[in-house]
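Student: Sharing a structure here in structure tokens format.
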Amino acid sequence: MDKFHDECGVVGIFLNSDEAVKAASLSYFALYSLQHRGQESAGIAVSDGNNLKLLKNMGLVSDVFHKENLTELKGRIAVGHVRYATAGGRTIENAQPMMNNFILGPIALAHNGQLANHSSLQEILAQNGSTFSSSSDTEVILKMIAKDYKLGLEQAVVNTVKQIKGSYALTIMTKDILIGVRDPNGIRPLVLGKIDDGYILASESCAIDSVNGTFVRDIEPGEIVFITKEGVRSVKAFESAGEQICKQTCIFEYVYFARPDSQIDGISVQGARLKMGEMLASEDSIQADVVIGVPDSGIGAALGYSQKSGIPYAMGIVKNKYIGRTFIAPTQAERENMVFVKLNAIRSDIEGKRVVVIDDSIVRGTTSRRLVQILRRAGAKEVHFRVSSPPVKFPCHLGIDTPTKAELISNQHEVQEICKEIGADSLAFISLPGMIRALEESCPDKKNFGFCEGCFNGQYPVKNNS
């Protein structure tokens, strides 16, 4: 793994009509649009007003769901999930949504993020008689809600979110209510949309577009929304307790995770990547003949770099779209060489030219080294590697699958050493102040503007207490 991976994507659907399988089919389309956020498992739970039904399995959305089993998921409320595992192993027991039947009624829950205190909470729950069927922190959240369910659903959810620490965007469903929750730092994104006869909650706005919905707004940090037939009601659990809300959205949502056609907290993802490329060019003075971007998330920054520098943009690299998680590479050497199968150079774009290649990040350095080899093999005269994020020096405990410090090349080596390691003629990263400025220039509303920058400077909004 030479790229960061976000843990997952979540969806919630609430319909006022009782059309048989519409909630499930809308969830299916929304999850399909969020497939980039997780490829290990997928699941949908539905409510028909009386009972909850769940279907989940390992694999892509298209592997798990088909016409026959979707028609069995009848109901007007649904929550869905695609997963890339960080907390908990890669097993069906940890696939989501998670559902339990409790004395006061069933609950299904989908979670994007990672709790920093799940181990201590699980221990407390276990001491009070709770049992667990998975190693996922999501089950901890579900059992926390169940513990206080007798106080009423709203109070149970409020009590739970005040005790869990970390990153979380949640979609929760009972027999007749859909709930959305975003952590008080807003680390993980969650958006609200309107559909013809109801509402949708999703990790990204592209999921709203996929079901022909209308974007309404971002769920605010620390906000809980309850969606019923009466409409959407908002609860600010942390503000009512006088606690400080400070937005610190994961900065890698804009760099890499989110689709370019999404917007998060008022910022267009593609617009942010263009600005990062422009800022990178303004901090750089290299002379070159062509700029290319590493597909897919490096393309926006490459376009911005080209516009600012005046160096022509070319496609340069083509990506094989048909490599999924079934592509098997048994040995480490073969895994490192997978980039030769995934990416290839367009010789006519780069042969005999001084090439600036833009990527979103360098994690271990393996992919970067192979990219340089690909470009030289295709006849590039010079290869100048540019990165639209600062050096990644610290692992994440808030929902991103990252290597250890020792495996992060920027933690172990200075820029010139990395340049030599990957075989480039030169290497430069955008500065952290430059990156923040690019995001600020992309943001129409500067109120409560802020990002988690922990992977660059080690300063995370929540400590790891597990």
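Numbering starts fresh at 1 for the residues of each chain in the structure tokens, the chains themselves are lettered A, B, ... in the order given, and ligands are numbered from 1 as they appear.
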Need to verify the contact set: region 452-465 of chain A, 9 Å, only C-alpha atoms, exclusion of same-chain residues closer than 5 positions in sequence. Can you return it as a list in words?

Tutor: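 Skipping anything fewer than 5 positions along the chain leaves Leu115, Ala116, Asn117, His118, Ser119, Ser120, Lys165, Gly166, Ser167, Asn185, Ile187, Lys247, Gln248, Thr249, Cys250, Ile251, Phe252, Ser389, Pro390, Pro391, Val392, Lys393, Phe394, Pro395, Cys396, His397, Leu398 and Leu432 of chain A.
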
Student: Could you pull the residues within 7 Å of Ala45 (chain A), counting only C-alpha atoms, minus those fewer than 2 positions along the same chain, as a list of chain:residue names?

Tutor: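 After dropping sequence-adjacent residues, the list is A:Gly43, A:Leu52, A:Lys53, A:Leu54, A:Leu55, A:Ala78, A:Val79, A:Gly80, A:Pro97, A:Ala108.
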
Student: Those same residues - all heavy atoms - I'd like them written as a tab-separated table (two decimals), in the first residue's frame.

Tutor:
chain	number	residue	atom	x	y	z
A	43	GLY	N	-22.85	-2.96	2.43
A	43	GLY	CA	-24.06	-3.43	3.08
A	43	GLY	C	-25.15	-2.38	3.07
A	43	GLY	O	-24.88	-1.18	3.01
A	52	LEU	N	-36.52	-4.43	10.66
A	52	LEU	CA	-35.29	-4.06	9.96
A	52	LEU	C	-34.73	-5.31	9.30
A	52	LEU	O	-34.78	-6.41	9.87
A	52	LEU	CB	-34.25	-3.48	10.92
A	52	LEU	CG	-34.25	-1.96	11.13
A	52	LEU	CD1	-35.59	-1.49	11.64
A	52	LEU	CD2	-33.13	-1.57	12.08
A	53	LYS	N	-34.21	-5.14	8.09
A	53	LYS	CA	-33.58	-6.24	7.37
A	53	LYS	C	-32.23	-5.77	6.87
A	53	LYS	O	-32.08	-4.64	6.41
A	53	LYS	CB	-34.46	-6.68	6.21
A	53	LYS	CG	-33.98	-7.97	5.54
A	53	LYS	CD	-35.03	-8.52	4.60
A	53	LYS	CE	-34.60	-9.87	4.04
A	53	LYS	NZ	-35.63	-10.45	3.16
A	54	LEU	N	-31.23	-6.65	6.93
A	54	LEU	CA	-29.85	-6.29	6.59
A	54	LEU	C	-29.27	-7.27	5.58
A	54	LEU	O	-29.44	-8.49	5.71
A	54	LEU	CB	-28.99	-6.30	7.86
A	54	LEU	CG	-27.47	-6.17	7.70
A	54	LEU	CD1	-27.09	-4.81	7.13
A	54	LEU	CD2	-26.77	-6.39	9.03
A	55	LEU	N	-28.59	-6.71	4.59
A	55	LEU	CA	-27.80	-7.53	3.65
A	55	LEU	C	-26.42	-6.90	3.53
A	55	LEU	O	-26.29	-5.73	3.18
A	55	LEU	CB	-28.47	-7.59	2.28
A	55	LEU	CG	-27.67	-8.29	1.17
A	55	LEU	CD1	-27.44	-9.75	1.51
A	55	LEU	CD2	-28.38	-8.16	-0.17
A	78	ALA	N	-33.38	3.52	4.92
A	78	ALA	CA	-32.22	2.65	4.70
A	78	ALA	C	-30.95	3.34	5.17
A	78	ALA	O	-30.85	4.57	5.16
A	78	ALA	CB	-32.09	2.27	3.23
A	79	VAL	N	-30.00	2.54	5.61
A	79	VAL	CA	-28.62	3.01	5.82
A	79	VAL	C	-27.70	2.07	5.07
A	79	VAL	O	-27.94	0.85	5.01
A	79	VAL	CB	-28.22	3.11	7.31
A	79	VAL	CG1	-29.01	4.19	8.02
A	79	VAL	CG2	-28.38	1.77	8.03
A	80	GLY	N	-26.64	2.62	4.47
A	80	GLY	CA	-25.71	1.81	3.69
A	80	GLY	C	-24.27	2.15	4.00
A	80	GLY	O	-23.98	3.21	4.58
A	97	PRO	N	-23.61	-2.03	7.36
A	97	PRO	CA	-24.02	-1.55	8.68
A	97	PRO	C	-24.07	-2.68	9.71
A	97	PRO	O	-24.15	-3.85	9.36
A	97	PRO	CB	-25.45	-1.01	8.43
A	97	PRO	CG	-25.54	-0.78	6.96
A	97	PRO	CD	-24.68	-1.84	6.35
A	108	ALA	N	-29.90	-0.01	13.39
A	108	ALA	CA	-28.82	-0.27	12.43
A	108	ALA	C	-27.96	0.97	12.34
A	108	ALA	O	-28.47	2.10	12.40
A	108	ALA	CB	-29.39	-0.63	11.06

Student: Can you pull out the residues contacting region 59-64 of chain A? Cut-off 9 Å, using only C-alpha atoms, and skip same-chain residues under 2 positions away; I want them as a list in words.

Tutor: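 Near region 59-64 of chain A, the qualifying residues are Tyr28, Leu31, Tyr32, Gln35, Gly38, Gln39, Glu40, Ser41, Ala42, Gly43, Leu55, Lys56, Asn57, His66, Asn69, Val82, Gly324 and Arg325 of chain A.
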
Student: Set the distance at 12 Å and use only C-alpha atoms: which residues neighbour Glu139 (chain A) once local chain neighbours fewer than 3 positions away are removed? I'd like the list as a VMD selection string.

Tutor: chain A and resid 87 to 88 93 to 100 107 to 111 114 to 115 118 to 119 121 to 122 125 130 to 136 142 to 146

Student: So how many Å separate CA of Val294 (chain A) and CA of Ile317 (chain A), to one decimal?

Tutor: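 Going from CA of Val294 (chain A) over to CA of Ile317 (chain A), I get 6.6 Å.
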
Student: Give me, as a PyMOL selection string, all polymer residues having an atom no more than 9 Å from region 222-238 of chain A, counting only C-alpha atoms and skipping those fewer than 2 positions away in the same chain.

Tutor: chain A and resi 14-16+154+157-159+161-162+176-186+198-199+219-220+240-245
